[in-house]
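Asks: Here you go, this is final.cif (mmCIF, C-alpha atoms and all ligand atoms).
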data_data
#
loop_
_atom_site.label_atom_id
_atom_site.label_comp_id
_atom_site.auth_asym_id
_atom_site.auth_seq_id
_atom_site.Cartn_x
_atom_site.Cartn_y
_atom_site.Cartn_z
CA ALA A 1 84.48 151.36 286.24
CA LEU A 2 85.02 151.38 282.49
CA HIS A 3 87.55 153.72 280.95
CA SER A 4 88.10 154.63 277.34
CA VAL A 5 91.20 156.28 275.92
CA ARG A 6 91.37 157.56 272.35
CA VAL A 7 94.72 157.32 270.57
CA GLU A 8 94.85 160.07 267.92
CA LEU A 9 97.30 159.47 265.09
CA ASP A 10 97.75 161.08 261.67
CA ALA A 11 96.79 158.01 259.68
CA ARG A 12 94.06 156.66 261.95
CA SER A 13 92.82 156.67 265.50
CA TYR A 14 91.63 153.90 267.77
CA ASP A 15 90.16 153.24 271.22
CA ILE A 16 91.67 151.56 274.23
CA ARG A 17 88.91 150.18 276.46
CA ILE A 18 89.89 149.41 280.04
CA GLY A 19 87.99 147.65 282.82
CA ALA A 20 87.16 144.39 284.54
CA SER A 21 85.23 141.65 282.65
CA LEU A 22 85.72 143.25 279.22
CA ILE A 23 86.48 139.79 277.82
CA GLN A 24 82.80 138.95 278.18
CA GLY A 25 81.90 141.70 275.72
CA ALA A 26 84.78 140.98 273.34
CA GLY A 27 82.52 139.36 270.73
CA THR A 28 80.27 142.42 270.57
CA ALA A 29 83.31 144.69 270.38
CA LEU A 30 84.96 142.69 267.58
CA ALA A 31 81.94 141.94 265.40
CA PRO A 32 81.84 145.42 263.77
CA LEU A 33 85.52 145.10 262.77
CA THR A 34 85.01 142.21 260.35
CA SER A 35 82.63 140.98 257.68
CA GLN A 36 83.85 137.42 258.25
CA PRO A 37 82.15 134.87 260.52
CA ARG A 38 85.41 134.04 262.30
CA VAL A 39 88.17 135.68 264.32
CA PHE A 40 91.81 134.57 264.48
CA VAL A 41 93.36 134.55 267.94
CA LEU A 42 97.03 134.17 268.78
CA THR A 43 97.98 133.50 272.40
CA ASP A 44 100.58 131.67 274.47
CA GLY A 45 99.96 128.33 276.14
CA THR A 46 99.59 129.77 279.63
CA VAL A 47 97.18 132.56 278.75
CA GLY A 48 95.29 130.37 276.31
CA GLY A 49 94.78 127.75 279.01
CA LEU A 50 93.35 130.39 281.32
CA TYR A 51 91.27 132.60 279.02
CA ALA A 52 90.76 131.20 275.51
CA GLY A 53 87.58 129.49 276.71
CA ASP A 54 86.06 132.77 277.97
CA LEU A 55 86.98 134.51 274.74
CA GLU A 56 85.49 131.74 272.62
CA LYS A 57 82.23 131.91 274.58
CA SER A 58 81.97 135.64 274.07
CA LEU A 59 82.82 135.39 270.36
CA SER A 60 80.34 132.63 269.76
CA ALA A 61 77.58 134.63 271.50
CA ALA A 62 78.26 137.29 268.85
CA GLY A 63 78.09 134.71 266.05
CA LEU A 64 81.85 134.52 265.59
CA GLU A 65 83.90 131.34 265.41
CA MET A 66 87.31 131.40 267.14
CA ARG A 67 90.35 130.07 265.26
CA LEU A 68 93.08 129.72 267.87
CA LYS A 69 96.82 129.24 267.78
CA ALA A 70 98.98 129.08 270.92
CA VAL A 71 102.75 129.59 270.93
CA SER A 72 105.07 128.55 273.77
CA PRO A 73 105.35 131.18 276.52
CA GLY A 74 108.61 133.12 276.62
CA GLU A 75 110.77 135.46 274.58
CA GLY A 76 111.62 132.59 272.19
CA ALA A 77 108.24 133.15 270.51
CA LYS A 78 109.49 136.47 269.12
CA SER A 79 111.55 134.70 266.47
CA TRP A 80 111.69 134.35 262.68
CA ALA A 81 110.71 130.71 262.98
CA ILE A 82 107.57 131.34 265.02
CA LEU A 83 106.61 134.38 262.92
CA GLY A 84 106.82 132.10 259.88
CA GLU A 85 104.66 129.49 261.59
CA VAL A 86 102.03 132.10 262.42
CA LEU A 87 101.96 133.41 258.85
CA ASP A 88 101.75 129.86 257.45
CA TRP A 89 98.86 129.16 259.80
CA LEU A 90 96.96 132.30 258.72
CA LEU A 91 97.58 131.60 255.03
CA SER A 92 96.52 127.97 255.30
CA GLU A 93 93.32 129.11 257.02
CA GLY A 94 92.65 131.47 254.12
CA ALA A 95 92.85 134.62 256.24
CA GLY A 96 92.44 137.87 254.34
CA ARG A 97 92.86 141.56 254.96
CA ASP A 98 89.32 141.95 256.28
CA ASP A 99 89.85 139.23 258.88
CA VAL A 100 90.64 140.17 262.46
CA LEU A 101 93.75 138.85 264.23
CA VAL A 102 93.62 139.18 268.02
CA ALA A 103 96.67 139.13 270.30
CA LEU A 104 95.55 137.54 273.59
CA GLY A 105 98.56 137.72 275.92
CA GLY A 106 101.44 139.77 277.22
CA GLY A 107 103.91 141.91 275.32
CA ILE A 108 105.53 138.91 273.70
CA VAL A 109 102.32 137.72 272.07
CA GLY A 110 101.39 141.34 271.27
CA ASP A 111 104.66 142.14 269.50
CA LEU A 112 104.62 138.88 267.51
CA THR A 113 100.95 139.13 266.56
CA GLY A 114 101.20 142.77 265.54
CA LEU A 115 104.11 142.06 263.21
CA ALA A 116 102.29 139.06 261.71
CA ALA A 117 99.18 141.21 261.18
CA SER A 118 101.23 143.93 259.46
CA LEU A 119 102.75 141.40 257.05
CA MET A 120 99.64 139.35 256.18
CA LYS A 121 98.46 140.58 252.78
CA ARG A 122 100.26 143.85 253.63
CA GLY A 123 98.10 144.36 256.69
CA MET A 124 95.10 142.62 258.26
CA THR A 125 92.94 144.04 261.06
CA PHE A 126 94.74 143.74 264.37
CA VAL A 127 93.27 143.84 267.90
CA GLN A 128 95.19 143.79 271.16
CA MET A 129 93.85 142.04 274.24
CA PRO A 130 96.77 142.59 276.64
CA THR A 131 96.83 140.26 279.65
CA THR A 132 99.88 141.49 281.60
CA LEU A 133 100.07 144.80 283.42
CA LEU A 134 103.11 145.72 281.30
CA ALA A 135 101.20 145.02 278.10
CA GLN A 136 98.12 146.94 279.30
CA VAL A 137 100.06 150.11 280.17
CA ASP A 138 102.89 149.95 277.67
CA SER A 139 103.40 147.44 274.87
CA SER A 140 99.82 147.34 273.55
CA VAL A 141 99.80 151.11 273.05
CA GLY A 142 101.82 152.88 270.40
CA GLY A 143 102.07 150.44 267.51
CA LYS A 144 105.59 149.08 267.90
CA THR A 145 105.76 145.42 266.84
CA ALA A 146 108.83 143.21 266.50
CA VAL A 147 110.63 139.92 266.68
CA ASN A 148 114.19 139.39 267.89
CA ALA A 149 117.30 138.57 265.87
CA THR A 150 120.52 136.91 266.98
CA GLN A 151 122.07 140.40 266.77
CA GLY A 152 119.67 141.80 269.36
CA LYS A 153 116.14 142.29 270.69
CA ASN A 154 113.35 143.85 268.61
CA LEU A 155 115.61 144.46 265.60
CA VAL A 156 113.06 143.37 263.00
CA GLY A 157 109.68 145.03 263.23
CA ALA A 158 107.13 147.52 262.02
CA PHE A 159 105.03 150.38 263.28
CA TYR A 160 101.54 148.90 262.97
CA GLN A 161 98.59 150.23 264.95
CA PRO A 162 95.76 148.06 266.25
CA ALA A 163 92.15 148.84 265.37
CA LEU A 164 91.16 148.39 269.02
CA VAL A 165 92.71 147.57 272.39
CA LEU A 166 90.65 145.72 275.01
CA ALA A 167 92.44 145.74 278.37
CA ASP A 168 90.49 143.53 280.78
CA THR A 169 92.00 144.35 284.16
CA GLY A 170 90.24 141.35 285.70
CA LEU A 171 92.57 139.02 283.78
CA LEU A 172 95.53 140.31 285.81
CA ALA A 173 94.33 138.31 288.84
CA THR A 174 96.28 135.26 287.65
CA LEU A 175 99.46 137.15 286.77
CA PRO A 176 102.48 136.16 288.91
CA ALA A 177 103.29 138.82 291.55
CA ARG A 178 106.72 139.59 290.10
CA GLU A 179 105.23 140.27 286.65
CA ARG A 180 102.63 142.50 288.26
CA LEU A 181 105.31 144.58 290.00
CA ALA A 182 107.34 144.81 286.81
CA GLY A 183 104.32 146.37 285.10
CA TYR A 184 103.82 148.73 288.03
CA ALA A 185 107.30 150.16 287.44
CA GLU A 186 106.19 151.34 284.00
CA ILE A 187 103.11 152.97 285.58
CA VAL A 188 105.35 154.93 287.95
CA LYS A 189 107.41 155.94 284.91
CA TYR A 190 104.49 157.89 283.42
CA ALA A 191 104.10 159.84 286.65
CA LEU A 192 107.80 160.65 286.68
CA ILE A 193 107.87 161.75 283.03
CA ASP A 194 105.30 164.54 283.07
CA ASP A 195 102.49 164.00 285.58
CA PRO A 196 103.28 165.14 289.14
CA ALA A 197 99.57 164.92 290.09
CA PHE A 198 99.63 161.24 289.11
CA PHE A 199 102.73 160.82 291.27
CA ASP A 200 100.81 162.21 294.26
CA TRP A 201 97.89 159.91 293.40
CA LEU A 202 100.22 156.89 293.33
CA GLU A 203 101.63 157.83 296.74
CA LYS A 204 98.05 157.45 298.03
CA HIS A 205 96.70 154.61 295.86
CA GLY A 206 99.75 152.77 294.50
CA LEU A 207 99.37 149.85 296.89
CA ASP A 208 95.72 149.42 295.80
CA VAL A 209 96.96 149.19 292.21
CA VAL A 210 99.50 146.53 293.14
CA ALA A 211 96.85 144.67 295.15
CA LEU A 212 94.64 144.72 292.03
CA LYS A 213 91.77 146.66 293.64
CA GLN A 214 89.81 147.01 290.42
CA ASP A 215 88.85 150.71 290.59
CA ALA A 216 92.36 151.94 291.39
CA LEU A 217 93.85 149.48 288.92
CA ALA A 218 91.65 150.52 286.00
CA GLU A 219 92.24 154.18 286.82
CA ALA A 220 96.03 153.72 286.85
CA VAL A 221 95.94 151.76 283.58
CA ALA A 222 93.79 154.46 281.96
CA ILE A 223 96.05 157.31 283.11
CA SER A 224 99.09 155.38 281.87
CA CYS A 225 97.54 154.65 278.46
CA ARG A 226 96.50 158.28 278.13
CA ALA A 227 100.06 159.37 278.93
CA LYS A 228 101.60 157.00 276.41
CA ALA A 229 98.98 157.90 273.77
CA ARG A 230 99.70 161.59 274.28
CA ILE A 231 103.43 161.12 273.81
CA VAL A 232 103.10 158.71 270.89
CA SER A 233 100.64 160.93 269.02
CA GLN A 234 103.18 163.74 269.17
CA ASP A 235 105.93 161.52 267.81
CA GLU A 236 104.73 158.20 266.36
CA ARG A 237 108.13 157.17 264.99
CA GLU A 238 110.38 158.24 267.84
CA SER A 239 112.30 161.16 266.41
CA GLY A 240 111.87 163.35 269.51
CA VAL A 241 109.65 163.36 272.62
CA ARG A 242 108.84 159.63 272.38
CA ALA A 243 112.34 159.10 273.79
CA LEU A 244 111.00 160.34 277.16
CA LEU A 245 109.33 156.92 277.43
CA ASN A 246 112.86 155.60 277.90
CA LEU A 247 113.18 157.18 281.34
CA GLY A 248 115.13 154.67 283.43
CA HIS A 249 115.65 152.48 280.38
CA THR A 250 119.27 153.36 279.55
CA PHE A 251 120.39 152.29 283.03
CA GLY A 252 117.76 149.54 282.99
CA HIS A 253 118.87 148.07 279.66
CA ALA A 254 122.46 148.12 280.89
CA LEU A 255 121.43 146.03 283.90
CA GLU A 256 119.48 143.65 281.67
CA ALA A 257 122.38 143.36 279.21
CA VAL A 258 124.98 142.69 281.91
CA ASN A 259 122.61 140.06 283.32
CA GLY A 260 122.33 138.53 279.84
CA PHE A 261 118.55 139.21 279.62
CA GLN A 262 117.90 136.28 281.96
CA SER A 263 114.63 135.86 283.80
CA SER A 264 116.38 136.53 287.12
CA LEU A 265 115.91 140.24 286.27
CA LEU A 266 112.61 141.24 284.65
CA HIS A 267 112.51 144.28 282.39
CA GLY A 268 110.29 146.25 284.78
CA GLU A 269 112.54 145.36 287.71
CA ALA A 270 115.50 146.76 285.77
CA VAL A 271 113.49 149.89 284.92
CA ALA A 272 112.60 150.49 288.59
CA ALA A 273 116.28 150.53 289.51
CA GLY A 274 117.09 152.44 286.32
CA MET A 275 114.61 155.23 287.05
CA THR A 276 116.00 155.59 290.55
CA LEU A 277 119.49 155.90 289.08
CA ALA A 278 118.31 158.49 286.53
CA LEU A 279 116.74 160.61 289.28
CA ARG A 280 119.70 160.26 291.63
CA TYR A 281 122.04 161.20 288.80
CA SER A 282 119.83 164.21 288.06
CA ALA A 283 120.19 165.22 291.71
CA ARG A 284 123.95 164.77 291.50
CA LEU A 285 124.01 167.19 288.56
CA GLY A 286 122.06 169.67 290.67
CA LEU A 287 118.99 169.39 288.45
CA MET A 288 116.58 168.13 291.11
CA ASP A 289 116.25 167.83 294.86
CA ILE A 290 117.63 164.57 296.29
CA THR A 291 114.59 164.32 298.59
CA ASP A 292 112.34 164.16 295.50
CA ALA A 293 114.48 161.35 294.11
CA GLY A 294 113.99 159.73 297.52
CA ARG A 295 110.21 160.05 297.23
CA ALA A 296 110.26 158.17 293.92
CA GLU A 297 112.53 155.53 295.40
CA ALA A 298 110.21 155.12 298.40
CA LEU A 299 107.17 154.76 296.14
CA LEU A 300 108.83 151.93 294.22
CA GLU A 301 110.23 150.23 297.34
CA LYS A 302 106.89 150.37 299.15
CA ALA A 303 105.35 148.35 296.31
CA GLY A 304 108.11 145.76 296.62
CA LEU A 305 110.46 146.81 293.83
CA VAL A 306 114.21 146.96 294.45
CA THR A 307 115.84 150.32 293.77
CA GLN A 308 119.29 150.04 295.31
CA LEU A 309 121.92 149.08 292.78
CA ASN A 310 123.69 146.60 295.04
CA ARG A 311 120.43 144.74 295.73
CA VAL A 312 119.18 144.47 292.14
CA PRO A 313 118.40 140.81 291.23
CA GLY A 314 120.93 139.06 288.99
CA GLY A 315 123.87 141.02 290.41
CA PRO A 316 126.50 141.92 291.42
CA TYR A 317 126.86 144.59 288.75
CA THR A 318 130.01 146.64 288.27
CA SER A 319 130.22 150.23 287.14
CA SER A 320 132.56 149.36 284.27
CA ALA A 321 130.31 146.56 282.93
CA LEU A 322 127.25 148.81 283.10
CA VAL A 323 128.98 151.71 281.34
CA GLU A 324 130.29 149.36 278.65
CA ALA A 325 126.72 148.12 278.08
CA MET A 326 125.42 151.70 277.89
CA LYS A 327 128.07 152.53 275.32
CA GLN A 328 127.08 149.52 273.18
CA ASP A 329 123.38 150.32 273.51
CA LYS A 330 123.56 154.00 272.57
CA LYS A 331 126.56 153.96 270.25
CA GLY A 332 127.68 157.14 272.03
CA ARG A 333 130.14 159.35 270.22
CA ALA A 334 133.21 160.61 272.04
CA GLY A 335 132.20 159.45 275.50
CA LYS A 336 128.70 160.98 275.41
CA ILE A 337 125.29 159.32 275.38
CA PRO A 338 121.71 160.61 275.39
CA LEU A 339 120.09 160.15 278.80
CA ILE A 340 116.59 160.91 280.10
CA LEU A 341 116.97 162.98 283.28
CA ALA A 342 114.58 165.08 285.38
CA ARG A 343 114.30 168.60 286.76
CA GLY A 344 111.91 167.33 289.43
CA LEU A 345 109.11 164.77 289.85
CA GLY A 346 107.11 164.77 286.60
CA LYS A 347 109.68 166.90 284.81
CA ALA A 348 111.71 164.54 282.65
CA PHE A 349 113.78 165.82 279.74
CA ILE A 350 116.28 164.49 277.23
CA LEU A 351 119.94 165.31 277.82
CA PRO A 352 121.52 164.55 274.43
CA ASP A 353 125.12 164.37 275.62
CA ALA A 354 125.55 162.95 279.11
CA ASP A 355 129.20 162.36 279.98
CA LEU A 356 129.94 158.65 280.30
CA ALA A 357 133.02 159.12 282.48
CA ASP A 358 130.93 161.09 284.95
CA VAL A 359 128.15 158.48 284.80
CA ALA A 360 130.77 155.81 285.56
CA GLU A 361 131.95 157.73 288.61
CA PHE A 362 128.35 158.16 289.74
CA LEU A 363 127.63 154.42 289.39
CA GLU A 364 130.82 153.64 291.32
CA GLY A 365 129.40 155.63 294.20
CA GLU A 366 126.03 153.85 293.99
CA LEU A 367 127.58 150.39 294.46
P1 LIG L 1 105.05 138.09 278.53
O1 LIG L 1 104.23 138.33 277.33
O2 LIG L 1 106.09 137.04 278.43
O3 LIG L 1 104.16 137.71 279.77
C1 LIG L 1 104.80 137.36 280.98
C2 LIG L 1 104.42 135.98 281.47
O4 LIG L 1 103.12 136.04 282.05
C3 LIG L 1 104.33 134.91 280.40
O5 LIG L 1 104.85 133.73 280.93
C4 LIG L 1 102.84 134.74 280.16
O6 LIG L 1 102.49 133.46 279.73
C5 LIG L 1 102.26 135.06 281.49
N1 LIG L 1 100.93 135.67 281.48
C6 LIG L 1 100.49 136.66 280.67
N2 LIG L 1 99.27 137.06 281.04
C7 LIG L 1 98.92 136.32 282.11
C8 LIG L 1 97.78 136.28 282.94
N3 LIG L 1 96.77 137.14 282.79
N4 LIG L 1 97.76 135.36 283.94
C9 LIG L 1 98.81 134.52 284.13
N5 LIG L 1 99.91 134.53 283.40
C10 LIG L 1 99.97 135.42 282.38
O7 LIG L 1 105.80 139.41 279.03
P2 LIG L 1 105.41 140.95 279.06
O8 LIG L 1 106.18 141.50 280.19
O9 LIG L 1 103.96 141.20 279.00
O10 LIG L 1 106.02 141.48 277.68
C11 LIG L 1 107.40 141.53 277.46
C12 LIG L 1 107.63 141.78 276.00
O11 LIG L 1 107.06 143.03 275.66
C13 LIG L 1 109.10 141.87 275.61
O12 LIG L 1 109.31 141.04 274.48
C14 LIG L 1 109.30 143.32 275.24
O13 LIG L 1 110.26 143.49 274.22
C15 LIG L 1 107.93 143.72 274.79
N6 LIG L 1 107.63 145.15 274.88
C16 LIG L 1 107.13 145.78 273.79
C17 LIG L 1 106.80 147.11 273.84
C18 LIG L 1 106.20 147.78 272.64
O14 LIG L 1 106.06 149.01 272.63
N7 LIG L 1 105.80 147.03 271.64
C19 LIG L 1 106.98 147.85 275.02
C20 LIG L 1 107.49 147.18 276.14
C21 LIG L 1 107.80 145.84 276.06
ZN ZN L 2 109.96 149.42 279.48
#
Can you dump the structure from the file as structure tokens?
Ligand code: NAD
Ligand code: ZN
Replies:
Amino acid sequence: ALHSVRVELDARSYDIRIGASLIQGAGTALAPLTSQPRVFVLTDGTVGGLYAGDLEKSLSAAGLEMRLKAVSPGEGAKSWAILGEVLDWLLSEGAGRDDVLVALGGGIVGDLTGLAASLMKRGMTFVQMPTTLLAQVDSSVGGKTAVNATQGKNLVGAFYQPALVLADTGLLATLPARERLAGYAEIVKYALIDDPAFFDWLEKHGLDVVALKQDALAEAVAISCRAKARIVSQDERESGVRALLNLGHTFGHALEAVNGFQSSLLHGEAVAAGMTLALRYSARLGLMDITDAGRAEALLEKAGLVTQLNRVPGGPYTSSALVEAMKQDKKGRAGKIPLILARGLGKAFILPDADLADVAEFLEGEL
């Protein structure tokens, strides 16, 4: 089944196409976006080895030549040095504003490519072909691009929207199982933010999504993209509701930070535990029923994600280290930080001034 989601923004709108085997039609989809006989493609070595050949075939069938560059897999690619290399490559190839630059890869390639596209001649046409579940449901939608600095992750970037997103769900077959589950955590997040019907759907079909049954998978990706598009179109530059997308991320980032952002704890794994903490803390404040928090926990656990704080990979974590990390992250004034909490499943809201001392006591009890 093919799905199409329209992202409506003030400046311009674009389509996200979702379904298996989309890569075979990529040439036809890209041809109308350029007057040039070539397409620039940035990927990482792993994804390029698996899929650059298929993409080239499809481009060449549409009369387009592929100009490919592969960076090394891993977060190291989101750096000044690699961004410079990519820009040098595009300039030396004579790329112009009316050329298309495609990101073929996960969120790392997507973030790097998007920033490069925004900078080239003040903006060349950018297309996302996300190849991880996380990239298909999250990073390829919404226009955030970035590289990292020594001072922190994603500190240098731009809001730059793609002209098109092609999410071929068939490409996820080769994704390592842990990466797949990490992406699934972000899918569950959309249900928990504002879509209780999607939560019920996931209770029935979540395992089909994780098992990559194509119909359920494409449906879940489409619902997730629609949810993110809806939130982003209300608040493109994150001055309000876009913060809801951070459900589970304040606790999650704290776990990642304490773990030193090592690969022993993937972002989505941290978010799964973080969302559980956010819901359990909501229950502690009397905002939601603890059995509903338990339903969310069970949904994540059933898929294979860890939700209990003392079992989170990369641990042990202490309450004081986590609270210190939250303080650093949010620059909270006078012992308060903003936190995304919930008044029930699918009823997330922003609490602007959660009490850190109380959060510390709560975390103590969770360990
Ligand atoms: P990633 O890009 O590193 O991909 C994960 C790993 O899977 C890599 O080793 C990659 O080579 C491999 N891989 C990718 N696709 C594959 C496939 N189809 N088959 C086999 N292997 C494949 O990681 P990610 O989780 O996709 O992205 C993480 C990045 O996304 C972080 O840098 C994060 O900051 C960023 N991010 C950005 C946004 C945003 O809004 N821009 C949102 C969330 C995350
Ligand atoms: Zn996330």
Asks: Give me, as CSV, the closest atom pair and its distance (Å, one decimal) for every residue of chain A within a cut-off of 6 Å of ligand LIG 1 (chain L), counting all atoms listed in the file, rows sorted by chain and rising number.
Replies:
residue,atom,partner,partner_atom,distance
A:Asp44,CA,L:LIG1,O6,5.9
A:Thr46,CA,L:LIG1,O6,4.7
A:Val47,CA,L:LIG1,C7,5.3
A:Pro73,CA,L:LIG1,O6,4.9
A:Gly74,CA,L:LIG1,O2,5.0
A:Glu75,CA,L:LIG1,O12,5.8
A:Gly105,CA,L:LIG1,N2,5.2
A:Gly106,CA,L:LIG1,O1,3.1
A:Gly107,CA,L:LIG1,O10,3.2
A:Ile108,CA,L:LIG1,O1,3.9
A:Val109,CA,L:LIG1,O1,5.6
A:Asp111,CA,L:LIG1,N7,5.5
A:Thr131,CA,L:LIG1,N2,4.3
A:Thr132,CA,L:LIG1,N2,4.5
A:Leu134,CA,L:LIG1,O9,5.1
A:Ala135,CA,L:LIG1,O9,4.8
A:Asp138,CA,L:LIG1,C19,5.3
A:Ser139,CA,L:LIG1,C17,3.6
A:Lys144,CA,L:LIG1,N7,4.3
A:Thr145,CA,L:LIG1,N7,5.1
A:Leu171,CA,L:LIG1,N3,4.7
A:Leu172,CA,L:LIG1,N3,4.6
A:Thr174,CA,L:LIG1,N4,4.0
A:Leu175,CA,L:LIG1,N4,3.8
Asks: Please write out the residues within 10 Å of ligand ZN 2 (chain L) as a list in words, counting all atoms listed in the file.
Replies: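 Using all atoms listed in the file, I find these residues within 10 Å of ligand ZN 2 (chain L): Leu134, Ala135, Val137, Asp138, Ser139, Ala182, Gly183, Ala185, Glu186, Ile187, Lys189, Leu245, Asn246, Leu247, Gly248, His249, Gly252, His253, His267, Gly268, Glu269, Ala270, Val271 and Ala272 of chain A.
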Asks: When you count all atoms listed in the file, which of these residues is closest to A:Ala227: A:Pro32, A:Arg6, A:Val165, A:Gln328?
Replies: A:Arg6
Asks: Record the distance separating atom CA of A:Ser92 and atom CA of A:Ser140, expressed in Å with one decimal.
Replies: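 Value for the atom CA of A:Ser92-atom CA of A:Ser140 distance: 26.8 Å.
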Asks: List as a ChimeraX atom specification the residues having at least one atom at most 10 Å from position (97.1, 145.1, 257.8) as given in the file, counting only C-alpha atoms.
Replies: /A:96-101,114-126,160-163
Asks: Using only C-alpha atoms, can you tell me which of A:Asp195, A:Glu324, A:Glu219, A:Asp235 comes closest to A:Lys347?
Replies: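 For A:Lys347, the nearest of the given residues is A:Asp195.
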Asks: Hey, can you check how far atom CA of A:Gly240 sits from atom CA of A:Leu287?
Replies: 21.1 Å
Asks: Counting only C-alpha atoms, write as a VMD selection string all protein and nucleic acid residues lying at most 7 Å from (90.5, 151.3, 271.5) in the file's frame.
Replies: chain A and resid 5 to 6 14 to 17 163 to 166
Asks: May I have the residues from that selection written out with C-alpha atoms, as a short mmCIF file (atom, residue, chain, number, x, y, z; two decimals), in the coordinates of the input?
Replies:
data_model
loop_
_atom_site.label_atom_id
_atom_site.label_comp_id
_atom_site.auth_asym_id
_atom_site.auth_seq_id
_atom_site.Cartn_x
_atom_site.Cartn_y
_atom_site.Cartn_z
CA VAL A 5 91.20 156.28 275.92
CA ARG A 6 91.37 157.56 272.35
CA TYR A 14 91.63 153.90 267.77
CA ASP A 15 90.16 153.24 271.22
CA ILE A 16 91.67 151.56 274.23
CA ARG A 17 88.91 150.18 276.46
CA ALA A 163 92.15 148.84 265.37
CA LEU A 164 91.16 148.39 269.02
CA VAL A 165 92.71 147.57 272.39
CA LEU A 166 90.65 145.72 275.01
#
Asks: Given all atoms listed in the file as the basis, pick out the residue of A:Glu56, A:Asp329, A:Asp10, A:Asp358 nearest to A:Ala254.
Replies: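 Residue with the minimum atom-to-atom distance to A:Ala254: A:Asp329.
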Asks: Measuring between only C-alpha atoms, which one of A:Gly304, A:Gly143, A:Gly314, A:Gly84 shows the shortest distance to A:Gln262?
Replies: A:Gly314
